[in-house]
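Engineer: Dropping in my_file28.txt, which is compact mmCIF, C-alpha atoms:
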```
# COMPACT_ATOMS: atom_id res chain seq x y z
CA MET A 3 2.74 -0.70 -8.77
CA LYS A 4 2.22 2.84 -7.64
CA PHE A 5 5.91 3.80 -7.40
CA ARG A 6 9.02 3.26 -9.50
CA ALA A 7 12.72 3.05 -8.69
CA GLY A 8 14.27 6.45 -8.00
CA GLN A 9 11.03 8.08 -6.89
CA ARG A 10 11.01 10.18 -3.73
CA VAL A 11 8.49 8.95 -1.14
CA ARG A 12 7.54 9.57 2.46
CA VAL A 13 6.42 7.02 5.04
CA ALA A 14 2.87 7.74 6.15
CA VAL A 15 2.33 9.11 9.65
CA ARG A 16 -0.76 7.41 10.91
CA PRO A 17 -1.65 5.45 13.97
CA HIS A 18 -2.36 1.79 13.42
CA GLU A 19 -4.00 -0.40 16.02
CA GLY A 20 -2.61 -3.91 15.85
CA HIS A 21 0.12 -5.74 13.99
CA HIS A 22 1.94 -3.92 11.21
CA ARG A 23 5.45 -4.02 9.78
CA THR A 24 6.23 -0.32 9.40
CA PRO A 25 8.83 0.69 12.00
CA GLY A 26 7.82 3.71 14.08
CA TYR A 27 11.22 5.38 13.67
CA LEU A 28 10.54 5.80 9.93
CA LYS A 29 7.07 7.30 10.07
CA GLY A 30 7.11 10.71 8.38
CA LYS A 31 10.63 10.22 7.01
CA PRO A 32 11.46 10.85 3.33
CA GLY A 33 13.32 8.25 1.29
CA ASN A 34 13.89 6.91 -2.21
CA ILE A 35 12.46 3.84 -3.88
CA GLU A 36 15.49 1.64 -4.56
CA LEU A 37 13.67 -1.30 -6.12
CA VAL A 38 10.38 -3.15 -6.24
CA HIS A 39 10.61 -6.48 -4.42
CA GLY A 40 7.28 -7.78 -5.75
CA SER A 41 3.93 -8.34 -4.09
CA PHE A 42 3.35 -10.16 -0.83
CA THR A 43 0.51 -11.01 1.51
CA ASN A 44 -0.51 -8.25 3.87
CA PRO A 45 0.78 -8.98 7.39
CA GLU A 46 -1.82 -6.66 8.89
CA THR A 47 -4.62 -9.09 8.07
CA ARG A 48 -2.61 -12.31 8.01
CA ALA A 49 -1.65 -11.75 11.64
CA TYR A 50 -5.31 -12.24 12.52
CA GLY A 51 -5.93 -15.44 10.58
CA ALA A 52 -7.04 -13.94 7.24
CA ASP A 53 -5.43 -14.80 3.89
CA GLY A 54 -3.62 -11.45 3.53
CA LEU A 55 -5.11 -10.82 0.09
CA PRO A 56 -5.01 -8.72 -2.01
CA LEU A 57 -1.23 -8.92 -2.30
CA GLN A 58 0.55 -5.68 -1.51
CA PRO A 59 3.60 -4.40 -3.41
CA VAL A 60 6.70 -4.15 -1.22
CA TYR A 61 9.54 -1.74 -2.00
CA LEU A 62 13.10 -1.47 -0.80
CA VAL A 63 13.24 2.15 0.37
CA GLY A 64 16.55 3.90 1.08
CA PHE A 65 16.75 6.63 3.72
CA GLN A 66 19.66 8.91 4.48
CA GLN A 67 20.65 8.30 8.09
CA ARG A 68 20.83 12.06 8.69
CA GLU A 69 17.22 12.44 7.58
CA VAL A 70 16.15 9.68 9.97
CA TRP A 71 18.32 10.69 12.95
CA PRO A 72 19.03 14.46 12.89
CA ASP A 73 22.07 14.05 15.17
CA TYR A 74 23.48 11.00 13.33
CA ARG A 75 27.25 11.04 13.78
CA GLY A 76 28.42 8.71 11.02
CA ASP A 77 29.32 9.44 7.43
CA PRO A 78 26.84 11.65 5.50
CA GLY A 79 26.60 8.88 2.88
CA ASP A 80 25.37 6.28 5.39
CA ARG A 81 21.91 4.99 4.64
CA ILE A 82 19.31 2.64 5.96
CA TYR A 83 17.30 0.39 3.68
CA VAL A 84 13.91 -0.89 4.73
CA ASP A 85 11.22 -3.04 3.09
CA VAL A 86 7.99 -1.05 3.14
CA PHE A 87 4.51 -2.10 2.01
CA GLU A 88 3.00 0.21 -0.60
CA HIS A 89 0.03 1.38 1.47
CA TRP A 90 2.47 2.95 3.94
CA LEU A 91 4.13 5.12 1.30
CA GLU A 92 3.10 8.52 -0.03
CA GLU A 93 4.49 10.52 -2.91
CA ALA A 94 6.94 13.20 -1.78
CA GLU A 95 8.12 16.25 -3.68
CA MET B 12 -2.43 -50.55 37.58
CA ASN B 13 -2.15 -46.98 38.89
CA ASP B 14 -4.26 -43.99 37.85
CA HIS B 15 -1.41 -42.50 35.78
CA ASP B 16 -1.41 -45.16 33.12
CA HIS B 17 -1.75 -43.20 29.86
CA ASP B 18 0.22 -42.04 26.84
CA HIS B 19 0.91 -38.47 28.03
CA ASP B 20 -1.50 -36.84 25.62
CA HIS B 21 -2.63 -34.26 28.14
CA PRO B 22 -1.17 -31.13 29.70
CA HIS B 23 0.62 -31.69 32.97
CA ALA B 24 3.20 -30.01 35.13
CA PRO B 25 5.91 -28.71 32.79
CA ILE B 26 9.44 -29.99 32.97
CA THR B 27 11.42 -26.80 33.57
CA ASN B 28 14.40 -25.62 35.53
CA GLY B 29 12.11 -23.70 37.86
CA SER B 30 13.07 -20.21 36.68
CA GLU B 31 11.11 -20.12 33.47
CA PRO B 32 10.62 -16.60 32.10
CA PRO B 33 7.00 -15.45 31.65
CA ALA B 34 7.36 -15.40 27.85
CA ALA B 35 8.25 -19.11 27.84
CA ALA B 36 5.22 -19.93 29.98
CA ARG B 37 3.05 -17.93 27.59
CA VAL B 38 4.43 -19.77 24.55
CA ARG B 39 3.84 -23.11 26.25
CA ALA B 40 0.23 -22.14 27.07
CA LEU B 41 -0.30 -21.09 23.42
CA GLU B 42 1.16 -24.35 22.18
CA GLU B 43 -1.18 -26.32 24.46
CA LEU B 44 -4.15 -24.41 23.06
CA LEU B 45 -3.08 -24.82 19.42
CA VAL B 46 -2.62 -28.55 19.92
CA GLU B 47 -5.90 -28.87 21.80
CA ARG B 48 -7.76 -27.08 18.97
CA GLY B 49 -6.06 -29.21 16.31
CA VAL B 50 -4.26 -26.29 14.60
CA VAL B 51 -0.85 -27.95 14.96
CA SER B 52 0.29 -31.27 16.34
CA ARG B 53 3.17 -31.81 18.73
CA ASP B 54 4.93 -33.62 15.89
CA ASP B 55 4.58 -30.52 13.65
CA VAL B 56 6.20 -28.38 16.33
CA ARG B 57 8.98 -30.91 16.94
CA ARG B 58 9.68 -31.25 13.19
CA ARG B 59 9.93 -27.47 12.76
CA ILE B 60 12.28 -27.14 15.72
CA ASP B 61 14.40 -30.07 14.50
CA TRP B 62 14.63 -28.47 11.04
CA LEU B 63 15.58 -25.08 12.49
CA VAL B 64 18.35 -26.37 14.76
CA SER B 65 19.68 -28.60 11.98
CA ARG B 66 20.48 -25.52 9.86
CA SER B 67 23.92 -23.98 10.19
CA PRO B 68 26.01 -21.04 8.94
CA ALA B 69 28.11 -23.59 7.06
CA ASP B 70 25.46 -23.49 4.32
CA GLY B 71 25.66 -19.71 3.94
CA ALA B 72 29.45 -20.00 4.02
CA ARG B 73 29.39 -22.38 1.04
CA LEU B 74 27.43 -19.78 -0.95
CA VAL B 75 29.93 -17.06 -0.05
CA ALA B 76 32.99 -19.18 -0.82
CA ARG B 77 31.57 -20.15 -4.22
CA ALA B 78 30.84 -16.48 -4.94
CA TRP B 79 34.43 -15.61 -4.06
CA VAL B 80 35.89 -18.10 -6.53
CA ASP B 81 33.27 -17.86 -9.29
CA PRO B 82 32.29 -14.32 -10.42
CA GLU B 83 29.43 -15.62 -12.56
CA PHE B 84 28.01 -17.52 -9.61
CA LYS B 85 28.30 -14.33 -7.56
CA GLN B 86 26.21 -12.46 -10.12
CA ARG B 87 23.56 -15.19 -9.97
CA LEU B 88 23.68 -15.13 -6.15
CA LEU B 89 23.15 -11.36 -6.10
CA ALA B 90 20.28 -11.68 -8.57
CA ASP B 91 18.48 -14.61 -6.90
CA ALA B 92 19.96 -16.10 -3.73
CA ARG B 93 17.23 -18.70 -3.44
CA ALA B 94 17.98 -20.15 -6.87
CA SER B 95 21.72 -20.06 -6.14
CA ALA B 96 21.22 -22.01 -2.90
CA LEU B 97 19.26 -24.65 -4.80
CA GLU B 98 22.03 -24.74 -7.41
CA LEU B 99 24.48 -25.82 -4.63
CA GLY B 100 21.99 -28.34 -3.29
CA LEU B 101 21.21 -26.22 -0.22
CA ASP B 102 17.75 -25.81 1.31
CA PRO B 103 16.79 -22.10 1.10
CA GLY B 104 13.79 -22.75 3.37
CA PRO B 105 10.10 -21.93 3.01
CA SER B 106 8.58 -18.79 1.61
CA PRO B 107 10.70 -15.74 2.48
CA VAL B 108 12.81 -14.30 -0.31
CA VAL B 109 16.57 -14.40 0.33
CA VAL B 110 18.54 -11.40 -0.88
CA ALA B 111 22.35 -11.45 -0.96
CA VAL B 112 24.22 -8.14 -0.71
CA GLU B 113 27.93 -7.67 -1.32
CA ASN B 114 30.45 -5.85 0.85
CA THR B 115 33.15 -4.07 -1.14
CA GLN B 116 35.94 -1.59 -0.49
CA ALA B 117 33.37 1.19 -0.81
CA VAL B 118 30.22 -0.29 0.77
CA HIS B 119 29.57 -2.25 3.98
CA HIS B 120 26.20 -3.86 4.79
CA LEU B 121 24.82 -4.59 8.26
CA VAL B 122 21.61 -6.59 8.79
CA VAL B 123 19.08 -6.12 11.58
CA CYS B 124 15.40 -6.77 12.21
CA THR B 125 14.17 -3.91 14.39
CA LEU B 126 10.65 -5.33 14.70
CA CYS B 127 11.51 -8.90 15.77
CA SER B 128 14.22 -11.35 14.70
CA CYS B 129 13.85 -11.93 10.93
CA TYR B 130 16.94 -13.77 9.76
CA PRO B 131 17.88 -16.12 6.89
CA ARG B 132 17.50 -19.12 9.20
CA ALA B 133 17.49 -21.72 6.44
CA LEU B 134 21.01 -20.71 5.39
CA LEU B 135 22.48 -19.44 8.68
CA GLY B 136 20.70 -21.49 11.36
CA PRO B 137 19.08 -19.89 14.41
CA PRO B 138 20.05 -16.24 15.00
CA PRO B 139 22.41 -15.45 17.88
CA ASP B 140 20.81 -14.17 21.08
CA TRP B 141 22.30 -10.70 20.68
CA TYR B 142 20.63 -10.38 17.26
CA LYS B 143 17.26 -10.63 19.02
CA SER B 144 18.20 -8.26 21.86
CA LEU B 145 16.64 -4.79 22.13
CA PRO B 146 20.00 -2.98 22.34
CA TYR B 147 21.22 -4.48 19.04
CA ARG B 148 17.88 -3.96 17.31
CA SER B 149 17.70 -0.30 18.27
CA ARG B 150 21.36 0.70 18.03
CA ALA B 151 22.03 -1.10 14.74
CA VAL B 152 19.82 1.51 13.08
CA SER B 153 20.55 4.61 15.18
CA ASP B 154 24.29 4.11 15.84
CA PRO B 155 25.50 1.40 13.44
CA ARG B 156 29.11 2.58 13.38
CA GLY B 157 29.20 2.46 17.18
CA VAL B 158 27.80 -1.08 17.10
CA LEU B 159 30.40 -2.14 14.53
CA THR B 160 33.19 -0.70 16.68
CA GLU B 161 31.98 -2.78 19.62
CA PHE B 162 32.09 -5.86 17.39
CA GLY B 163 35.66 -4.94 16.44
CA VAL B 164 34.94 -3.65 12.94
CA GLU B 165 36.46 -0.25 12.15
CA LEU B 166 35.23 1.12 8.85
CA ASP B 167 37.09 3.88 7.07
CA ALA B 168 35.09 7.11 7.22
CA ASP B 169 34.56 7.11 3.45
CA VAL B 170 33.04 3.61 3.37
CA GLU B 171 29.30 3.89 2.83
CA LEU B 172 27.49 1.98 5.56
CA ARG B 173 24.16 0.47 4.52
CA VAL B 174 21.96 -0.90 7.28
CA LEU B 175 19.26 -3.32 6.11
CA ASP B 176 16.21 -3.52 8.36
CA SER B 177 14.34 -6.71 7.38
CA THR B 178 10.76 -5.69 8.00
CA ALA B 179 8.90 -7.79 5.42
CA ASP B 180 9.33 -11.05 3.48
CA MET B 181 12.95 -10.53 2.44
CA ARG B 182 15.84 -12.12 4.37
CA TYR B 183 19.28 -10.59 3.89
CA LEU B 184 22.61 -12.36 3.70
CA VAL B 185 25.88 -10.42 3.49
CA ILE B 186 28.64 -11.58 1.15
CA PRO B 187 31.68 -10.33 3.07
CA ARG B 188 34.90 -9.17 1.42
CA ARG B 189 37.32 -11.93 0.58
CA PRO B 190 40.30 -11.68 2.96
CA ALA B 191 43.57 -10.45 1.57
CA GLY B 192 46.10 -13.24 1.13
CA SER B 193 43.47 -15.89 0.48
CA GLU B 194 44.13 -16.05 -3.26
CA GLY B 195 45.54 -19.58 -3.34
CA MET B 196 43.01 -21.14 -0.97
CA SER B 197 40.57 -23.88 -1.97
CA GLU B 198 36.84 -23.20 -1.95
CA GLU B 199 36.46 -25.49 1.06
CA ASP B 200 39.17 -23.68 3.04
CA LEU B 201 37.63 -20.34 2.09
CA ALA B 202 34.24 -21.49 3.38
CA ALA B 203 35.86 -22.18 6.76
CA LEU B 204 36.81 -18.48 6.98
CA VAL B 205 33.22 -17.29 6.56
CA THR B 206 31.61 -16.85 9.95
CA ARG B 207 27.98 -16.33 10.88
CA ASP B 208 28.78 -12.83 12.13
CA ALA B 209 30.46 -11.91 8.84
CA MET B 210 27.27 -12.86 6.98
CA ILE B 211 25.26 -10.56 9.32
CA GLY B 212 27.79 -7.79 8.68
CA VAL B 213 29.19 -7.40 12.20
CA ALA B 214 32.55 -9.01 11.45
CA GLN B 215 35.10 -9.33 8.68
CA PRO B 216 35.95 -12.89 7.73
CA GLY B 217 39.22 -14.19 9.20
CA SER B 218 42.25 -14.93 7.10
```
Please express the file's structure as structure tokens.
Structural biologist:
Amino acid sequence: MKFRAGQRVRVAVRPHEGHHRTPGYLKGKPGNIELVHGSFTNPETRAYGADGLPLQPVYLVGFQQREVWPDYRGDPGDRIYVDVFEHWLEEAE
Amino acid sequence: MNDHDHDHDHPHAPITNGSEPPAAARVRALEELLVERGVVSRDDVRRRIDWLVSRSPADGARLVARAWVDPEFKQRLLADARASALELGLDPGPSPVVVAVENTQAVHHLVVCTLCSCYPRALLGPPPDWYKSLPYRSRAVSDPRGVLTEFGVELDADVELRVLDSTADMRYLVIPRRPAGSEGMSEEDLAALVTRDAMIGVAQPGS
């Protein structure tokens, strides 16, 4: 596991041709590792008939809504939690 | 003997209502191909559909009602929902991990799948059509409080709203707040209060 709970991360901004499970609205956004879910097959290769190995760690990442949507109108404490595969996460300051 | 004497093991004109959407035609064409190539059989497809439509939110409701009356069970449910479902004799389904999250006075959870329609189908049955609609999938993340208002849920401003976007192998199930005034109710009667929508986080359970 590259990251641990509490660590600040950023979702990678990179184009990806084909199936992947990283929502576009999160690319480039900073968040916090909430917990490590474990390791799972990689949907990016499984979608095309491969076995999805090696397994990829998946993290529950919490984002402040106001950091995702600059004009978010709800409570400042509102957050969005998303399951992100490790190879889409970068260390953030 | 006519020339149509056979066991229907070939593609022929589909039985439809005549206004089939293009996506349905595409799925049917894919199914024909998969069957033709031996990847799946028609029986496999029928069994999977039968299993899916046999599931119902009543199973999820039993988990919630037990959690309401048994704090230790609730802790086990929050730690490992799959094991807790098995403990009650429920079928948690194939591979995906089920994660239960708890609504409290201070925190409200709302579940969405922005990328498709991931949903704890084994415990809640097939997702409602609106759950799969583009407006819900986009607005549940960008304007969740507005979505909740439209569903009739008004959260106090100081309640922390947590939206869960199920993008990977985890499937999320909300344990709603136990209704006020339900203290004397039996577990079975409590389960009847737990609706599908409450376990998605777009409704409070009735009382």
Engineer: Find the nearest atom pair between each residue of chain B and chain A for residues within 9 Å, count all atoms listed in the file, give distances in Å to one decimal, sort rows by chain and ascending number, and present the table as JSON lines.
Structural biologist:
```
{"residue": "B:Thr125", "atom": "CA", "partner": "A:Pro25", "partner_atom": "CA", "distance": 7.4}
{"residue": "B:Leu126", "atom": "CA", "partner": "A:Pro25", "partner_atom": "CA", "distance": 6.8}
{"residue": "B:Val152", "atom": "CA", "partner": "A:Ile82", "partner_atom": "CA", "distance": 7.2}
{"residue": "B:Ser153", "atom": "CA", "partner": "A:Trp71", "partner_atom": "CA", "distance": 6.8}
{"residue": "B:Asp154", "atom": "CA", "partner": "A:Tyr74", "partner_atom": "CA", "distance": 7.4}
{"residue": "B:Pro155", "atom": "CA", "partner": "A:Gly76", "partner_atom": "CA", "distance": 8.2}
{"residue": "B:Arg156", "atom": "CA", "partner": "A:Gly76", "partner_atom": "CA", "distance": 6.6}
{"residue": "B:Gly157", "atom": "CA", "partner": "A:Gly76", "partner_atom": "CA", "distance": 8.8}
{"residue": "B:Ala168", "atom": "CA", "partner": "A:Asp77", "partner_atom": "CA", "distance": 6.2}
{"residue": "B:Asp169", "atom": "CA", "partner": "A:Asp77", "partner_atom": "CA", "distance": 7.0}
{"residue": "B:Val170", "atom": "CA", "partner": "A:Asp77", "partner_atom": "CA", "distance": 8.0}
{"residue": "B:Glu171", "atom": "CA", "partner": "A:Asp80", "partner_atom": "CA", "distance": 5.3}
{"residue": "B:Leu172", "atom": "CA", "partner": "A:Asp80", "partner_atom": "CA", "distance": 4.8}
{"residue": "B:Arg173", "atom": "CA", "partner": "A:Arg81", "partner_atom": "CA", "distance": 5.1}
{"residue": "B:Val174", "atom": "CA", "partner": "A:Ile82", "partner_atom": "CA", "distance": 4.6}
{"residue": "B:Leu175", "atom": "CA", "partner": "A:Tyr83", "partner_atom": "CA", "distance": 4.8}
{"residue": "B:Asp176", "atom": "CA", "partner": "A:Val84", "partner_atom": "CA", "distance": 5.0}
{"residue": "B:Ser177", "atom": "CA", "partner": "A:Val84", "partner_atom": "CA", "distance": 6.4}
{"residue": "B:Thr178", "atom": "CA", "partner": "A:Asp85", "partner_atom": "CA", "distance": 5.6}
{"residue": "B:Ala179", "atom": "CA", "partner": "A:Asp85", "partner_atom": "CA", "distance": 5.8}
{"residue": "B:Asp180", "atom": "CA", "partner": "A:Phe42", "partner_atom": "CA", "distance": 7.4}
{"residue": "B:Met181", "atom": "CA", "partner": "A:Asp85", "partner_atom": "CA", "distance": 7.7}
```
Engineer: What does the distance between atom CA of His119 of chain B and atom CA of Gly212 of chain B come to in Å, to one decimal place?
Structural biologist: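 Taking atom CA of His119 of chain B as the start and atom CA of Gly212 of chain B as the end point, the length is 7.5 Å.
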Engineer: Hey, what's within 9 Å of Glu69 of chain A if we count only C-alpha atoms and toss same-chain stuff fewer than 6 positions away? As an NGL selection string, please?
Structural biologist: :A and (31-33)
Engineer: Atom CA of Arg6 of chain A to atom CA of Leu28 of chain A: how many Å, to one decimal?
Structural biologist: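 It comes out at 19.7 Å.
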Engineer: I'd like the contact shell of Val109 of chain B - 6 Å cut-off, only C-alpha atoms, skipping same-chain residues fewer than 5 positions apart - returned as a ChimeraX atom specification.
Structural biologist: /B:92-93,181-183
Engineer: Write the selection just made, keeping C-alpha atoms, as a PDB file, keeping the file's coordinate frame?
Structural biologist:
```pdb
ATOM      1  CA  ALA B  92      19.960 -16.100  -3.730  1.00  0.00           C
ATOM      2  CA  ARG B  93      17.230 -18.700  -3.440  1.00  0.00           C
ATOM      3  CA  MET B 181      12.950 -10.530   2.440  1.00  0.00           C
ATOM      4  CA  ARG B 182      15.840 -12.120   4.370  1.00  0.00           C
ATOM      5  CA  TYR B 183      19.280 -10.590   3.890  1.00  0.00           C
TER       6      TYR B 183
END
```
Engineer: Quick one: distance from atom CA of His18 of chain A to atom CA of Arg150 of chain B in Å, one decimal?
Structural biologist: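 Interatomic distance, atom CA of His18 of chain A to atom CA of Arg150 of chain B: 24.2 Å.
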Engineer: For Arg87 of chain B, which of B:Tyr142, B:Cys127, B:Glu42, B:Val112 is the closest residue, counting only C-alpha atoms?
Structural biologist: B:Val112
Engineer: Show me, as a ChimeraX atom specification, the residues that have an atom within 9 Å of Ala96 of chain B when counting all atoms listed in the file, minus same-chain residues fewer than 4 positions from it.
Structural biologist: /B:70-71,74,88,91-92,100-103,134
Engineer: Would you kindly return, as a list in words, each protein, DNA or RNA residue with an atom no farther than 7 Å from any atom of segment 7-10 of chain A, considering all atoms listed in the file and excluding same-chain residues fewer than 2 positions away?
Structural biologist: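 Once the nearby chain positions are removed, what remains is Phe5, Gly33, Asn34, Ile35, Glu36, Leu37, Glu93, Ala94 and Glu95 of chain A.
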Engineer: Around the point (13.8, -24.0, 4.7), in the coordinates given by the file, pick out the residues reaching within 10 Å, counting all atoms listed in the file, and return them as a list in words.
Structural biologist: Arg59, Trp62, Leu63, Arg66, Leu101, Asp102, Pro103, Gly104, Pro105, Ser106, Pro107, Pro131, Arg132, Ala133, Leu134 and Gly136 of chain B
Engineer: When you count all atoms listed in the file, which of these residues is closest to Val38 of chain A: A:Leu91, A:Pro59, A:Ala52, A:Ala14?
Structural biologist: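 Counting all atoms listed in the file, the residue closest to Val38 of chain A is A:Pro59.
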